Amino acid sequence: MFQYRDGRLCIDGLALDDIASQYGTPCYVYSRADIEHAWRSYDRAFGARAHRIHYAVKANANLAVLDTLARLGSGFDIVSGGELARVLAARGKPGAIVFSGVGKTVVEMEAALAADIGVFNIESPAELVRLDGVAGRVGRRARIAVRVNPDVDAHTHPYISTGLDENKFGVPMADAPDLYRVAAGLPNIEVTGVACHIGSQLTSLAPFADAMARVMVLVERLAAAGIELAHVDAGGGLGVRYHDETLPSIEDYVATLCRAIPSRYEICIEPGRSLVATAGALLTTVEYLKVTPKRHFAIVDAAMNDLIRPALYEAWHEVLPLREAGDEVPEQRFDLVGPVCESADFLANDRPLRLVPGARLAIMGAGAYGHVMASNYNARPRPPEIMVDAAGAHLVRARESIAALYSGETLLPDASI
Ligand code: LLP
């Protein structure tokens, strides 16, 4: 939990200023307790209902985050061979892995079958045929759910909306019965469930209820045709409070799913953001204050390559000083920008702050889709990651070295012209 104590912003009792001094900025800091709290809130809300929580690894794939969740008994939702390897490295149980995504390669399917993952969420007829072939070749049976596209508007940013019929995700509802019939006849495929995911950062429950109602019509139709499913995967998507959003609680979200899905089906969910976003912050230092006729810029040492959400989605992240400044520093409205050579390189705009050069700031809500989306643009090493728990602060990913950025590259041979 982030909280001021004696004018210093703390994470679970440790001053972030001290963490910044020890590890340097920019750096990401996560609260293990906050992640655990959110996961347990989901788990508790289901009560006696059969359920499985598959954490969407894409939100934050650090091994310590995966380890934290694996120790709680979480499953994992992956979208690549790389995420599979990470989950296995963090000792996640293969049987509790769901493999989502529209572009699974043969190599990824082989790795997932070799690990004996729980279920593949199939997103197209061609993928189903490929999986059957690969499974046959390696002598396994692949458990599958079809990810259907329920065509509901999630009312979120268009880049993170996935459940409309114009999106590339899922199988159109109208095509799903036929695909299930095909799947049921394939020798190396075992049909176990249905999946859907309609978008991310959803701030109301109506689209979830709507999507689940449509999915259940399909499930009942399949049952009538003799195809019995065991689980319904509702995807992820519950939003978090970055600014002034009003949000449904985890309890109300889970209650909505439990109402929409009859109790004979196991409910699976794939939350990402809502488990980790508010558990993390990106710490940064003000390098320069620059006043132009139009704007006040605070040029900080973090940039769009470290946290791309503001540039990509115009996302709003709260900015908090690690030490509350005194009244002697006037409050002004600042644009927080990084050193990257792009006008989209901003972390926040027009924020009232009391700043001096050297001041340190926390960009809040950076635990999800932060470090995982970081790049090396402008030859900038990616920041370290620190996890705080009851035993203190742990460096769970070192700062990337500049040498590492080009260690896989070579000059041309001497003889080349
Ligand atoms: N399941 C599937 C199939 C997904 O595609 C996603 C997210 C999730 C689960 C997890 O959704 P969540 O609970 O985190 O909303 N980079 C964007 C978010 C992209 C989400 C992509 N899919 C952002 O920074 O807002």
# chains A, B, ... in the order shown; residues from 1 in each chain; ligands from 1

$ residues_near_ligand --ligand "ligand 1" --cutoff "7 Å" --atoms "only C-alpha atoms and all ligand atoms" --output "VMD selection string"
chain A and resid 56 59 77 100 to 101 160 197 199 to 201 235 to 239 270 to 274 309 368 to 369

$ write_last_selection --atoms "all heavy atoms" --output "short mmCIF file (atom, residue, chain, number, x, y, z; two decimals), in the first residue's frame"
data_model
loop_
_atom_site.label_atom_id
_atom_site.label_comp_id
_atom_site.auth_asym_id
_atom_site.auth_seq_id
_atom_site.Cartn_x
_atom_site.Cartn_y
_atom_site.Cartn_z
N ALA A 56 -3.40 -13.01 -15.92
CA ALA A 56 -2.94 -12.68 -17.28
C ALA A 56 -1.51 -12.16 -17.21
O ALA A 56 -1.25 -11.01 -16.85
CB ALA A 56 -3.86 -11.64 -17.92
N ALA A 59 0.24 -8.67 -18.13
CA ALA A 59 0.15 -7.43 -17.36
C ALA A 59 1.45 -7.11 -16.62
O ALA A 59 1.84 -5.94 -16.50
CB ALA A 59 -1.01 -7.50 -16.36
N ASP A 77 -2.71 -17.15 -17.37
CA ASP A 77 -3.16 -17.00 -18.75
C ASP A 77 -1.96 -16.47 -19.54
O ASP A 77 -1.43 -15.41 -19.23
CB ASP A 77 -4.33 -16.00 -18.80
CG ASP A 77 -4.64 -15.51 -20.20
OD1 ASP A 77 -4.75 -16.36 -21.11
OD2 ASP A 77 -4.77 -14.28 -20.40
N SER A 100 -3.90 -18.33 -24.47
CA SER A 100 -4.75 -17.48 -25.32
C SER A 100 -3.92 -16.91 -26.47
O SER A 100 -2.70 -17.05 -26.50
CB SER A 100 -5.29 -16.31 -24.51
OG SER A 100 -6.04 -16.74 -23.40
N GLY A 101 -4.60 -16.24 -27.38
CA GLY A 101 -3.89 -15.51 -28.44
C GLY A 101 -4.20 -16.03 -29.82
O GLY A 101 -4.39 -17.23 -30.01
N ILE A 160 -7.88 -1.20 -26.58
CA ILE A 160 -7.93 -2.30 -25.62
C ILE A 160 -9.34 -2.91 -25.54
O ILE A 160 -9.71 -3.56 -24.60
CB ILE A 160 -7.43 -1.88 -24.21
CG1 ILE A 160 -8.14 -0.63 -23.70
CG2 ILE A 160 -5.93 -1.67 -24.23
CD1 ILE A 160 -7.73 -0.24 -22.27
N HIS A 197 -13.30 -12.82 -23.92
CA HIS A 197 -12.65 -11.68 -23.25
C HIS A 197 -13.03 -10.47 -24.07
O HIS A 197 -12.79 -10.44 -25.28
CB HIS A 197 -11.13 -11.87 -23.23
CG HIS A 197 -10.39 -10.64 -22.78
ND1 HIS A 197 -10.24 -10.30 -21.46
CD2 HIS A 197 -9.80 -9.65 -23.49
CE1 HIS A 197 -9.57 -9.15 -21.37
NE2 HIS A 197 -9.30 -8.74 -22.59
N GLY A 199 -12.47 -7.01 -23.38
CA GLY A 199 -11.70 -5.78 -23.36
C GLY A 199 -11.10 -5.55 -22.00
O GLY A 199 -11.27 -6.37 -21.09
N SER A 200 -10.41 -4.45 -21.87
CA SER A 200 -9.63 -4.20 -20.66
C SER A 200 -10.02 -2.84 -20.08
O SER A 200 -10.55 -1.98 -20.79
CB SER A 200 -8.16 -4.21 -21.05
OG SER A 200 -7.34 -4.42 -19.96
N GLN A 201 -9.75 -2.67 -18.79
CA GLN A 201 -10.09 -1.41 -18.10
C GLN A 201 -11.58 -1.11 -18.24
O GLN A 201 -11.99 0.01 -18.56
CB GLN A 201 -9.19 -0.25 -18.57
CG GLN A 201 -9.37 1.10 -17.89
CD GLN A 201 -9.19 1.05 -16.36
OE1 GLN A 201 -8.70 0.08 -15.82
NE2 GLN A 201 -9.60 2.08 -15.66
N GLY A 235 -12.63 -14.43 -19.16
CA GLY A 235 -11.57 -13.50 -19.52
C GLY A 235 -11.20 -12.58 -18.37
O GLY A 235 -11.53 -12.82 -17.21
N GLY A 236 -10.53 -11.50 -18.73
CA GLY A 236 -10.13 -10.51 -17.71
C GLY A 236 -10.91 -9.23 -17.96
O GLY A 236 -12.02 -9.28 -18.48
N GLY A 237 -10.32 -8.11 -17.60
CA GLY A 237 -10.89 -6.84 -18.03
C GLY A 237 -11.40 -5.90 -16.97
O GLY A 237 -11.67 -4.73 -17.27
N LEU A 238 -11.54 -6.38 -15.74
CA LEU A 238 -12.03 -5.45 -14.70
C LEU A 238 -11.03 -4.30 -14.53
O LEU A 238 -9.84 -4.53 -14.40
CB LEU A 238 -12.23 -6.19 -13.38
CG LEU A 238 -12.83 -5.37 -12.25
CD1 LEU A 238 -14.23 -4.87 -12.60
CD2 LEU A 238 -12.89 -6.18 -10.95
N GLY A 239 -11.55 -3.08 -14.53
CA GLY A 239 -10.69 -1.91 -14.49
C GLY A 239 -10.18 -1.59 -13.10
O GLY A 239 -10.55 -2.22 -12.11
N GLU A 270 -9.50 -14.40 -16.10
CA GLU A 270 -8.12 -14.09 -16.50
C GLU A 270 -7.77 -12.65 -16.14
O GLU A 270 -7.46 -11.84 -17.01
CB GLU A 270 -7.97 -14.27 -18.01
CG GLU A 270 -8.33 -15.65 -18.52
CD GLU A 270 -8.46 -15.70 -20.06
OE1 GLU A 270 -8.34 -14.65 -20.72
OE2 GLU A 270 -8.68 -16.80 -20.58
N PRO A 271 -7.83 -12.27 -14.87
CA PRO A 271 -7.55 -10.88 -14.53
C PRO A 271 -6.05 -10.57 -14.63
O PRO A 271 -5.22 -11.38 -14.24
CB PRO A 271 -8.02 -10.76 -13.08
CG PRO A 271 -7.89 -12.15 -12.53
CD PRO A 271 -8.10 -13.08 -13.68
N GLY A 272 -5.73 -9.42 -15.17
CA GLY A 272 -4.34 -8.97 -15.22
C GLY A 272 -4.21 -7.68 -14.44
O GLY A 272 -3.78 -7.64 -13.29
N ARG A 273 -4.67 -6.61 -15.08
CA ARG A 273 -4.54 -5.26 -14.51
C ARG A 273 -5.02 -5.17 -13.07
O ARG A 273 -4.34 -4.60 -12.21
CB ARG A 273 -5.36 -4.31 -15.38
CG ARG A 273 -5.20 -2.85 -15.02
CD ARG A 273 -6.25 -1.99 -15.74
NE ARG A 273 -6.40 -2.34 -17.13
CZ ARG A 273 -5.75 -1.74 -18.14
NH1 ARG A 273 -4.93 -0.75 -17.90
NH2 ARG A 273 -5.96 -2.12 -19.39
N SER A 274 -6.20 -5.73 -12.79
CA SER A 274 -6.81 -5.53 -11.47
C SER A 274 -6.03 -6.25 -10.36
O SER A 274 -6.27 -5.99 -9.18
CB SER A 274 -8.26 -5.98 -11.48
OG SER A 274 -8.37 -7.31 -11.98
N ARG A 309 2.13 3.85 -21.64
CA ARG A 309 0.66 4.00 -21.60
C ARG A 309 0.19 5.44 -21.88
O ARG A 309 -0.77 5.62 -22.63
CB ARG A 309 0.09 3.49 -20.28
CG ARG A 309 0.43 2.01 -20.00
CD ARG A 309 -0.42 1.42 -18.90
NE ARG A 309 -1.79 1.24 -19.32
CZ ARG A 309 -2.79 1.98 -18.96
NH1 ARG A 309 -2.59 2.97 -18.11
NH2 ARG A 309 -4.00 1.77 -19.42
N ALA A 368 0.80 -2.58 -13.82
CA ALA A 368 0.30 -3.36 -14.96
C ALA A 368 0.63 -2.66 -16.26
O ALA A 368 0.46 -1.45 -16.37
CB ALA A 368 -1.21 -3.55 -14.86
N TYR A 369 1.08 -3.42 -17.25
CA TYR A 369 1.39 -2.90 -18.57
C TYR A 369 2.41 -1.76 -18.49
O TYR A 369 2.34 -0.80 -19.25
CB TYR A 369 0.10 -2.48 -19.30
CG TYR A 369 -0.91 -3.61 -19.36
CD1 TYR A 369 -2.10 -3.57 -18.62
CD2 TYR A 369 -0.65 -4.76 -20.11
CE1 TYR A 369 -3.01 -4.62 -18.65
CE2 TYR A 369 -1.55 -5.81 -20.12
CZ TYR A 369 -2.73 -5.74 -19.40
OH TYR A 369 -3.61 -6.79 -19.43
#

$ residues_around --residues "Asn376 (chain A)" --least-positions-apart "5" --cutoff "7 Å" --atoms "only C-alpha atoms" --output "PDB file with C-alpha atoms, in the first residue's frame"
ATOM      1  CA  ASN A 305      10.193   3.735 -23.442  1.00  0.00           C
ATOM      2  CA  PRO A 381      18.266   0.277 -20.792  1.00  0.00           C
ATOM      3  CA  ARG A 382      15.052  -0.923 -19.175  1.00  0.00           C
TER       4      ARG A 382
END

$ residues_around --residues "region 146-157 of chain A" --least-positions-apart "4" --cutoff "8 Å" --atoms "only C-alpha atoms" --output "NGL selection string"
:A and (121-123 or 161 or 163-165 or 169-173 or 176 or 180 or 193-202 or 207 or 210-211 or 214-215 or 313)

$ residues_around --residues "Thr284 (chain A)" --least-positions-apart "4" --cutoff "8 Å" --atoms "only C-alpha atoms" --output "MDAnalysis selection string"
chainID A and resid 25:27 300:302 360:363

$ closest_residue --among "A:Ser249, A:Leu412, A:Val232, A:Val29" --to "Gly367 (chain A)" --atoms "only C-alpha atoms"
A:Val29

$ select_by_dssp --residues "region 273-390 of chain A" --states "strand (DSSP E)" --output "number ranges by chain"
A: 280-291, 296-300, 319-321, 332-337, 346-353, 360-364, 385-389

$ residues_around --residues "region 253-262 of chain A" --least-positions-apart "5" --cutoff "10 Å" --atoms "only C-alpha atoms" --output "ChimeraX atom specification"
/A:41-47,49-51,204-206,208-216,219,231-232,234,238,247-248,267-269

$ atom_distance --atom1 "CA of Ile227 (chain A)" --atom2 "CA of Ala145 (chain A)"
12.0 Å

$ residues_around --residues "region 293-297 of chain A" --least-positions-apart "6" --cutoff "8 Å" --atoms "only C-alpha atoms" --output "list in words"
Gln332, Arg333, Phe334, Asp335, Leu336 and Val337 of chain A

$ write_last_selection --atoms "all heavy atoms" --output "PDB file, in the first residue's frame"
ATOM      1  N   GLN A 332       3.079  24.930  -9.518  1.00  0.00           N
ATOM      2  CA  GLN A 332       2.871  25.314 -10.919  1.00  0.00           C
ATOM      3  C   GLN A 332       2.344  24.114 -11.686  1.00  0.00           C
ATOM      4  O   GLN A 332       2.470  22.983 -11.237  1.00  0.00           O
ATOM      5  CB  GLN A 332       4.204  25.777 -11.530  1.00  0.00           C
ATOM      6  CG  GLN A 332       4.633  27.135 -11.023  1.00  0.00           C
ATOM      7  CD  GLN A 332       6.052  27.473 -11.433  1.00  0.00           C
ATOM      8  OE1 GLN A 332       6.957  26.657 -11.302  1.00  0.00           O
ATOM      9  NE2 GLN A 332       6.230  28.678 -11.917  1.00  0.00           N
ATOM     10  N   ARG A 333       1.805  24.406 -12.858  1.00  0.00           N
ATOM     11  CA  ARG A 333       1.279  23.289 -13.657  1.00  0.00           C
ATOM     12  C   ARG A 333       2.369  22.806 -14.601  1.00  0.00           C
ATOM     13  O   ARG A 333       2.874  23.570 -15.423  1.00  0.00           O
ATOM     14  CB  ARG A 333       0.030  23.732 -14.415  1.00  0.00           C
ATOM     15  CG  ARG A 333      -1.071  24.200 -13.478  1.00  0.00           C
ATOM     16  CD  ARG A 333      -2.381  24.408 -14.183  1.00  0.00           C
ATOM     17  NE  ARG A 333      -3.062  23.153 -14.405  1.00  0.00           N
ATOM     18  CZ  ARG A 333      -3.876  22.583 -13.501  1.00  0.00           C
ATOM     19  NH1 ARG A 333      -4.091  23.157 -12.339  1.00  0.00           N
ATOM     20  NH2 ARG A 333      -4.467  21.442 -13.769  1.00  0.00           N
ATOM     21  N   PHE A 334       2.732  21.557 -14.451  1.00  0.00           N
ATOM     22  CA  PHE A 334       3.841  21.000 -15.224  1.00  0.00           C
ATOM     23  C   PHE A 334       3.380  19.917 -16.182  1.00  0.00           C
ATOM     24  O   PHE A 334       2.485  19.129 -15.864  1.00  0.00           O
ATOM     25  CB  PHE A 334       4.873  20.351 -14.283  1.00  0.00           C
ATOM     26  CG  PHE A 334       5.741  21.340 -13.557  1.00  0.00           C
ATOM     27  CD1 PHE A 334       5.468  21.682 -12.231  1.00  0.00           C
ATOM     28  CD2 PHE A 334       6.833  21.904 -14.191  1.00  0.00           C
ATOM     29  CE1 PHE A 334       6.278  22.582 -11.556  1.00  0.00           C
ATOM     30  CE2 PHE A 334       7.637  22.808 -13.516  1.00  0.00           C
ATOM     31  CZ  PHE A 334       7.361  23.150 -12.191  1.00  0.00           C
ATOM     32  N   ASP A 335       4.077  19.859 -17.339  1.00  0.00           N
ATOM     33  CA  ASP A 335       4.029  18.665 -18.176  1.00  0.00           C
ATOM     34  C   ASP A 335       5.248  17.833 -17.801  1.00  0.00           C
ATOM     35  O   ASP A 335       6.372  18.347 -17.784  1.00  0.00           O
ATOM     36  CB  ASP A 335       4.121  19.021 -19.663  1.00  0.00           C
ATOM     37  CG  ASP A 335       2.855  19.687 -20.169  1.00  0.00           C
ATOM     38  OD1 ASP A 335       1.876  19.754 -19.406  1.00  0.00           O
ATOM     39  OD2 ASP A 335       2.858  20.148 -21.327  1.00  0.00           O
ATOM     40  N   LEU A 336       5.021  16.578 -17.510  1.00  0.00           N
ATOM     41  CA  LEU A 336       6.120  15.678 -17.147  1.00  0.00           C
ATOM     42  C   LEU A 336       6.568  14.968 -18.410  1.00  0.00           C
ATOM     43  O   LEU A 336       5.805  14.165 -18.965  1.00  0.00           O
ATOM     44  CB  LEU A 336       5.581  14.653 -16.158  1.00  0.00           C
ATOM     45  CG  LEU A 336       6.444  14.316 -14.974  1.00  0.00           C
ATOM     46  CD1 LEU A 336       6.537  15.526 -14.077  1.00  0.00           C
ATOM     47  CD2 LEU A 336       5.842  13.140 -14.219  1.00  0.00           C
ATOM     48  N   VAL A 337       7.769  15.259 -18.858  1.00  0.00           N
ATOM     49  CA  VAL A 337       8.237  14.679 -20.122  1.00  0.00           C
ATOM     50  C   VAL A 337       9.575  13.991 -19.910  1.00  0.00           C
ATOM     51  O   VAL A 337      10.310  14.299 -18.968  1.00  0.00           O
ATOM     52  CB  VAL A 337       8.356  15.756 -21.230  1.00  0.00           C
ATOM     53  CG1 VAL A 337       7.011  16.414 -21.474  1.00  0.00           C
ATOM     54  CG2 VAL A 337       9.425  16.781 -20.877  1.00  0.00           C
TER      55      VAL A 337
END

$ atom_distance --atom1 "CA of Asp178 (chain A)" --atom2 "CA of Glu266 (chain A)"
23.2 Å

$ select_by_dssp --residues "region 82-137 of chain A" --states "helix (DSSP H, G or I)" --output "ChimeraX atom specification"
/A:82-89,94-96,106-115,125-137

$ write_last_selection --atoms "C-alpha atoms" --output "short mmCIF file (atom, residue, chain, number, x, y, z; two decimals), in the first residue's frame"
data_model
loop_
_atom_site.label_atom_id
_atom_site.label_comp_id
_atom_site.auth_asym_id
_atom_site.auth_seq_id
_atom_site.Cartn_x
_atom_site.Cartn_y
_atom_site.Cartn_z
CA GLY A 82 8.01 -16.72 -23.71
CA GLU A 83 5.25 -16.33 -21.13
CA LEU A 84 5.02 -20.14 -20.85
CA ALA A 85 8.74 -20.30 -20.05
CA ARG A 86 8.38 -17.56 -17.45
CA VAL A 87 5.49 -19.29 -15.70
CA LEU A 88 7.37 -22.58 -15.60
CA ALA A 89 10.50 -20.78 -14.32
CA PRO A 94 1.36 -26.39 -16.02
CA GLY A 95 -2.12 -27.83 -15.51
CA ALA A 96 -3.32 -24.40 -14.42
CA VAL A 106 3.76 -24.67 -34.14
CA VAL A 107 6.79 -24.28 -31.87
CA GLU A 108 4.64 -22.65 -29.16
CA MET A 109 2.03 -25.39 -29.43
CA GLU A 110 4.74 -28.06 -29.11
CA ALA A 111 6.17 -26.41 -26.00
CA ALA A 112 2.73 -26.07 -24.41
CA LEU A 113 1.82 -29.68 -25.19
CA ALA A 114 5.16 -30.89 -23.85
CA ALA A 115 4.45 -29.01 -20.60
CA PRO A 125 -10.72 -22.80 -37.34
CA ALA A 126 -7.20 -22.84 -38.81
CA GLU A 127 -5.66 -22.81 -35.34
CA LEU A 128 -7.84 -25.74 -34.28
CA VAL A 129 -6.73 -27.83 -37.26
CA ARG A 130 -3.10 -26.94 -36.64
CA LEU A 131 -3.33 -27.86 -32.97
CA ASP A 132 -4.93 -31.22 -33.77
CA GLY A 133 -2.08 -31.96 -36.17
CA VAL A 134 0.67 -30.93 -33.78
CA ALA A 135 -0.91 -32.84 -30.88
CA GLY A 136 -1.17 -35.96 -33.03
CA ARG A 137 2.44 -35.68 -34.08
#

$ closest_residue --among "A:Glu342, A:Glu385, A:Glu331, A:Asp116" --to "Val65 (chain A)" --atoms "only C-alpha atoms"
A:Glu385

$ residues_around --residues "Glu314 (chain A)" --least-positions-apart "2" --cutoff "10 Å" --atoms "only C-alpha atoms" --output "VMD selection string"
chain A and resid 157 308 to 312 316 to 317 344 346 to 349

$ write_last_selection --atoms "N, CA and C atoms" --output "PDB file, in the first residue's frame"
ATOM      1  N   HIS A 157     -11.147   2.140 -24.167  1.00  0.00           N
ATOM      2  CA  HIS A 157     -10.321   2.692 -25.242  1.00  0.00           C
ATOM      3  C   HIS A 157     -10.301   1.715 -26.422  1.00  0.00           C
ATOM      4  N   ILE A 308       4.796   3.341 -21.526  1.00  0.00           N
ATOM      5  CA  ILE A 308       4.274   3.863 -22.806  1.00  0.00           C
ATOM      6  C   ILE A 308       2.784   4.196 -22.746  1.00  0.00           C
ATOM      7  N   ARG A 309       2.126   3.846 -21.641  1.00  0.00           N
ATOM      8  CA  ARG A 309       0.663   4.000 -21.602  1.00  0.00           C
ATOM      9  C   ARG A 309       0.188   5.436 -21.884  1.00  0.00           C
ATOM     10  N   PRO A 310       0.816   6.471 -21.311  1.00  0.00           N
ATOM     11  CA  PRO A 310       0.341   7.823 -21.643  1.00  0.00           C
ATOM     12  C   PRO A 310       0.468   8.129 -23.138  1.00  0.00           C
ATOM     13  N   ALA A 311       1.609   7.765 -23.744  1.00  0.00           N
ATOM     14  CA  ALA A 311       1.807   8.058 -25.166  1.00  0.00           C
ATOM     15  C   ALA A 311       0.871   7.245 -26.041  1.00  0.00           C
ATOM     16  N   LEU A 312       0.647   5.989 -25.685  1.00  0.00           N
ATOM     17  CA  LEU A 312      -0.112   5.090 -26.556  1.00  0.00           C
ATOM     18  C   LEU A 312      -1.624   5.239 -26.400  1.00  0.00           C
ATOM     19  N   TRP A 316      -3.987   8.272 -18.104  1.00  0.00           N
ATOM     20  CA  TRP A 316      -3.733   9.195 -16.997  1.00  0.00           C
ATOM     21  C   TRP A 316      -3.148   8.412 -15.823  1.00  0.00           C
ATOM     22  N   HIS A 317      -1.964   8.784 -15.372  1.00  0.00           N
ATOM     23  CA  HIS A 317      -1.369   8.181 -14.178  1.00  0.00           C
ATOM     24  C   HIS A 317      -1.126   9.288 -13.154  1.00  0.00           C
ATOM     25  N   ALA A 344       5.423  12.692 -28.339  1.00  0.00           N
ATOM     26  CA  ALA A 344       4.540  11.818 -27.542  1.00  0.00           C
ATOM     27  C   ALA A 344       5.215  11.346 -26.264  1.00  0.00           C
ATOM     28  N   PHE A 346       5.563  11.829 -23.145  1.00  0.00           N
ATOM     29  CA  PHE A 346       5.110  12.483 -21.911  1.00  0.00           C
ATOM     30  C   PHE A 346       4.562  11.422 -20.971  1.00  0.00           C
ATOM     31  N   LEU A 347       4.660  11.699 -19.684  1.00  0.00           N
ATOM     32  CA  LEU A 347       4.125  10.784 -18.680  1.00  0.00           C
ATOM     33  C   LEU A 347       2.874  11.370 -18.039  1.00  0.00           C
ATOM     34  N   ALA A 348       2.770  12.702 -18.070  1.00  0.00           N
ATOM     35  CA  ALA A 348       1.602  13.375 -17.496  1.00  0.00           C
ATOM     36  C   ALA A 348       1.600  14.794 -18.036  1.00  0.00           C
ATOM     37  N   ASN A 349       0.413  15.363 -18.154  1.00  0.00           N
ATOM     38  CA  ASN A 349       0.298  16.737 -18.651  1.00  0.00           C
ATOM     39  C   ASN A 349      -0.456  17.610 -17.673  1.00  0.00           C
TER      40      ASN A 349
END

$ atom_distance --atom1 "CA of His54 (chain A)" --atom2 "CA of Ile78 (chain A)"
8.8 Å

$ closest_residue --among "A:Leu405, A:Ala393, A:Met373, A:Ala38" --to "Leu72 (chain A)" --atoms "only C-alpha atoms"
A:Ala38
